[in-house]
Amino acid sequence: MRPLLFLLVLLALACSISGCGSHRDPGRADEAHAHPPDHAHHHPGSGHPGHAEGAPGNPHGGHHADFSDVPRFAKIFDDPERRTWQHPAEVVALLEPSPGMTIVDLGAGTGYFESLLAAAVAPGGRVLALDVEPAMVEYMNERFATAGLESVEARVVRGDDPDLPPGSVDRILIVDTWHHLPDRERYAKRLRTALRPGGSILVVDFTPESPHGPPASMRLSEKRVADELLRAGFEVDVLEESLPWQYVIRAR
Ligand SMILES: C[S@@+](CC[C@H](N)C(=O)[O-])C[C@H]1O[C@@H](n2cnc3c(N)ncnc32)[C@H](O)[C@@H]1O
């Protein structure tokens with residue numbers, strides 16, 4: 001065999017053993033593994049893993065998420081560091097509560113706002129902490145009993161209905177939950193019916209720039225939320241506040 005031919009045969013043999021031409025770049029991740037399996041990895045402190053739009057029971061565009069792992073979400077929602085950007089006392093002040101009022105916290109989660117709300121409506125007031133997730137409601141009722149918050153009650157509600165009697169509440173607080181609601185214009189009309197004369201809703205949600213909150217694609221701009229509330233028949237104000245990562249909208 002001539003030397004050149006011999007060299008070519010040797011090369012072909014080496015390739016067939018090592019797989020020339022099908023080599024993977026060791027520095028490049030497999031496409032399927034290039035994305036974190038869970039949105040929470042992208043958004044520490046978000047508490048928004050496992051979102052799915054148009055999930056069963058939520059056909060009108062609200063983002064369904066599984067909040068049943070209460071210990072996991074309690075660490076996130078009740079993280080003492082949250083106070084530095086959530087400014088809970090300011091949020092409650094913007095709600096303009098007064099003694100004797102009935103306040104609803106819709107999508108109350110672990111009950112982060114409830115002790116402040118209870119203090120704001122005392123004496124004689126009532127706080128209803130509503131959530132679609134039964135495990136959250138069980139957790140809240142134990143928490144309120146332990147803390148002696150007798151004026152606060154947690155209740156399970158259906159995803160598409162707060163189940164509030166007409167003219168029964170003075171204020172409705174909705175923090176980081178608006179984007180979860182299905183068919184929001186219709187939902188907002190239900191909330192409007194539930195308000196007493198002079199009643200109002202406060203929607204607090206994440207700006208597109210926030211390092212906290214749901215994945216960017218699931219966030220709603222303040223304009224969109226305001227438009228939804230306007231279409232439901234409310235007068236709407238985007239409020240001045242000092243929250244670094246959220247907007248606050250009042251609807252009357
Ligand atoms: C991101 S957490 C916010 C919890 C709380 N508002 C806070 O600021 O700590 C959203 C909560 O809304 C609840 N939720 C989602 N969809 C809902 C719906 N359609 N009706 C009532 N609650 C809902 C979830 O179970 C969850 O507890």
# chains A, B, ... in the order shown; residues from 1 in each chain; ligands from 1
$ closest_atom_pairs --of "region 172-228 of chain A" --to "region 141-164 of chain A" --cutoff "12 Å" --atoms "only C-alpha atoms" --output "JSON lines"
{"residue": "A:Ile172", "atom": "CA", "partner": "A:Pro162", "partner_atom": "CA", "distance": 10.7}
{"residue": "A:Ile174", "atom": "CA", "partner": "A:Pro162", "partner_atom": "CA", "distance": 11.7}
{"residue": "A:Thr177", "atom": "CA", "partner": "A:Gly159", "partner_atom": "CA", "distance": 11.3}
{"residue": "A:Trp178", "atom": "CA", "partner": "A:Gly159", "partner_atom": "CA", "distance": 11.7}
{"residue": "A:His180", "atom": "CA", "partner": "A:Gly159", "partner_atom": "CA", "distance": 8.7}
{"residue": "A:Leu181", "atom": "CA", "partner": "A:Asp160", "partner_atom": "CA", "distance": 7.0}
{"residue": "A:Pro182", "atom": "CA", "partner": "A:Asp160", "partner_atom": "CA", "distance": 6.1}
{"residue": "A:Asp183", "atom": "CA", "partner": "A:Asp160", "partner_atom": "CA", "distance": 7.9}
{"residue": "A:Arg184", "atom": "CA", "partner": "A:Asp160", "partner_atom": "CA", "distance": 8.9}
{"residue": "A:Glu185", "atom": "CA", "partner": "A:Asp160", "partner_atom": "CA", "distance": 11.2}
{"residue": "A:Arg186", "atom": "CA", "partner": "A:Asp160", "partner_atom": "CA", "distance": 9.0}
{"residue": "A:Tyr187", "atom": "CA", "partner": "A:Asp160", "partner_atom": "CA", "distance": 6.8}
{"residue": "A:Ala188", "atom": "CA", "partner": "A:Asp161", "partner_atom": "CA", "distance": 9.8}
{"residue": "A:Lys189", "atom": "CA", "partner": "A:Asp161", "partner_atom": "CA", "distance": 10.5}
{"residue": "A:Arg190", "atom": "CA", "partner": "A:Asp161", "partner_atom": "CA", "distance": 7.5}
{"residue": "A:Leu191", "atom": "CA", "partner": "A:Pro162", "partner_atom": "CA", "distance": 7.5}
{"residue": "A:Arg192", "atom": "CA", "partner": "A:Leu164", "partner_atom": "CA", "distance": 10.2}
{"residue": "A:Thr193", "atom": "CA", "partner": "A:Leu164", "partner_atom": "CA", "distance": 8.6}
{"residue": "A:Ala194", "atom": "CA", "partner": "A:Leu164", "partner_atom": "CA", "distance": 5.7}
{"residue": "A:Leu195", "atom": "CA", "partner": "A:Leu164", "partner_atom": "CA", "distance": 9.0}
{"residue": "A:Arg196", "atom": "CA", "partner": "A:Leu164", "partner_atom": "CA", "distance": 11.3}
$ residues_near_ligand --ligand "ligand 1" --cutoff "6 Å" --atoms "only C-alpha atoms and all ligand atoms" --output "list in words"
Phe67, Phe77, Leu106, Gly107, Ala108, Gly109, Tyr112, Asp131, Val132, Glu133, Gly159, Asp160, Val175, Asp176, Thr177, His180 and Leu181 of chain A
$ residues_around --residues "Ala74 (chain A)" --least-positions-apart "3" --cutoff "12 Å" --atoms "only C-alpha atoms" --output "list in words"
Gly45, Ser46, Gly47, Phe67, Ser68, Asp69, Val70, Pro71, Phe77, Asp78, Asp79, Pro80, Arg82, Ala108, Gly109, Thr110, Gly111, Tyr112, Ala135, Met136, Tyr139, Met140 and Arg143 of chain A
$ select_by_dssp --residues "region 42-240 of chain A" --states "strand (DSSP E)" --output "number ranges by chain"
A: 52-53, 63-64, 102-106, 126-131, 152-156, 169-175, 195-206, 236-238
$ residues_around --residues "region 117-125 of chain A" --least-positions-apart "4" --cutoff "10 Å" --atoms "only C-alpha atoms" --output "list in words"
Pro88, Ala89, Val92, Ala93, Leu95, Glu96, Pro97, Ser98, Pro99, Gly100, Met101, Thr102, Ile103, Val104, Asp105, Tyr112, Phe113, Leu149, Glu150, Ser151, Val152 and Leu173 of chain A
$ write_last_selection --atoms "C-alpha atoms" --output "mmCIF file, in the first residue's frame"
data_model
loop_
_atom_site.group_PDB
_atom_site.id
_atom_site.type_symbol
_atom_site.label_atom_id
_atom_site.label_comp_id
_atom_site.auth_asym_id
_atom_site.auth_seq_id
_atom_site.Cartn_x
_atom_site.Cartn_y
_atom_site.Cartn_z
ATOM 1 C CA PRO A 88 -46.856 46.460 53.871
ATOM 2 C CA ALA A 89 -47.832 49.319 56.187
ATOM 3 C CA VAL A 92 -52.508 49.041 53.998
ATOM 4 C CA ALA A 93 -52.567 52.845 54.412
ATOM 5 C CA LEU A 95 -56.279 50.981 51.140
ATOM 6 C CA GLU A 96 -57.717 53.739 53.398
ATOM 7 C CA PRO A 97 -59.147 51.420 56.027
ATOM 8 C CA SER A 98 -61.039 52.562 59.093
ATOM 9 C CA PRO A 99 -62.446 50.942 62.227
ATOM 10 C CA GLY A 100 -65.557 48.829 61.684
ATOM 11 C CA MET A 101 -64.896 48.132 57.990
ATOM 12 C CA THR A 102 -65.066 44.754 56.285
ATOM 13 C CA ILE A 103 -61.949 44.114 54.208
ATOM 14 C CA VAL A 104 -61.378 41.265 51.782
ATOM 15 C CA ASP A 105 -57.846 40.106 50.957
ATOM 16 C CA TYR A 112 -49.001 38.133 55.072
ATOM 17 C CA PHE A 113 -51.185 41.268 55.350
ATOM 18 C CA LEU A 149 -56.733 37.273 65.351
ATOM 19 C CA GLU A 150 -60.419 36.732 66.043
ATOM 20 C CA SER A 151 -61.661 39.236 63.494
ATOM 21 C CA VAL A 152 -59.962 37.421 60.599
ATOM 22 C CA LEU A 173 -56.967 44.132 48.605
#
$ select_by_dssp --residues "region 31-232 of chain A" --states "alpha helix (DSSP H)" --output "ChimeraX atom specification"
/A:70-77,83-86,88-94,114-121,134-147,184-194,222-231
$ closest_residue --among "A:Leu116, A:Ala65, A:Val91, A:Ile249" --to "Leu229 (chain A)" --atoms "only C-alpha atoms"
A:Ile249
$ atom_distance --atom1 "CA of Pro215 (chain A)" --atom2 "CA of Leu239 (chain A)"
24.0 Å
$ closest_residue --among "A:Arg250, A:Pro166, A:His179, A:Ile201" --to "Ala216 (chain A)" --atoms "only C-alpha atoms"
A:His179
$ residues_around --residues "Pro244 (chain A)" --least-positions-apart "5" --cutoff "9 Å" --atoms "only C-alpha atoms" --output "PDB file with N, CA and C atoms, in the first residue's frame"
ATOM      1  N   TRP A  85     -39.136  45.783  50.445  1.00  0.00           N
ATOM      2  CA  TRP A  85     -39.659  46.255  49.154  1.00  0.00           C
ATOM      3  C   TRP A  85     -41.185  46.214  49.065  1.00  0.00           C
ATOM      4  N   GLN A  86     -41.806  45.423  49.948  1.00  0.00           N
ATOM      5  CA  GLN A  86     -43.268  45.324  49.885  1.00  0.00           C
ATOM      6  C   GLN A  86     -43.964  46.481  50.599  1.00  0.00           C
ATOM      7  N   THR A 207     -44.037  45.293  38.503  1.00  0.00           N
ATOM      8  CA  THR A 207     -43.669  45.988  37.259  1.00  0.00           C
ATOM      9  C   THR A 207     -42.837  45.034  36.388  1.00  0.00           C
ATOM     10  N   SER A 210     -39.222  44.379  37.753  1.00  0.00           N
ATOM     11  CA  SER A 210     -38.996  43.841  39.092  1.00  0.00           C
ATOM     12  C   SER A 210     -38.161  42.559  39.089  1.00  0.00           C
TER      13      SER A 210
END
$ closest_residue --among "A:Gly167, A:Pro134, A:Pro211, A:Gly199" --to "Glu235 (chain A)" --atoms "only C-alpha atoms"
A:Gly199
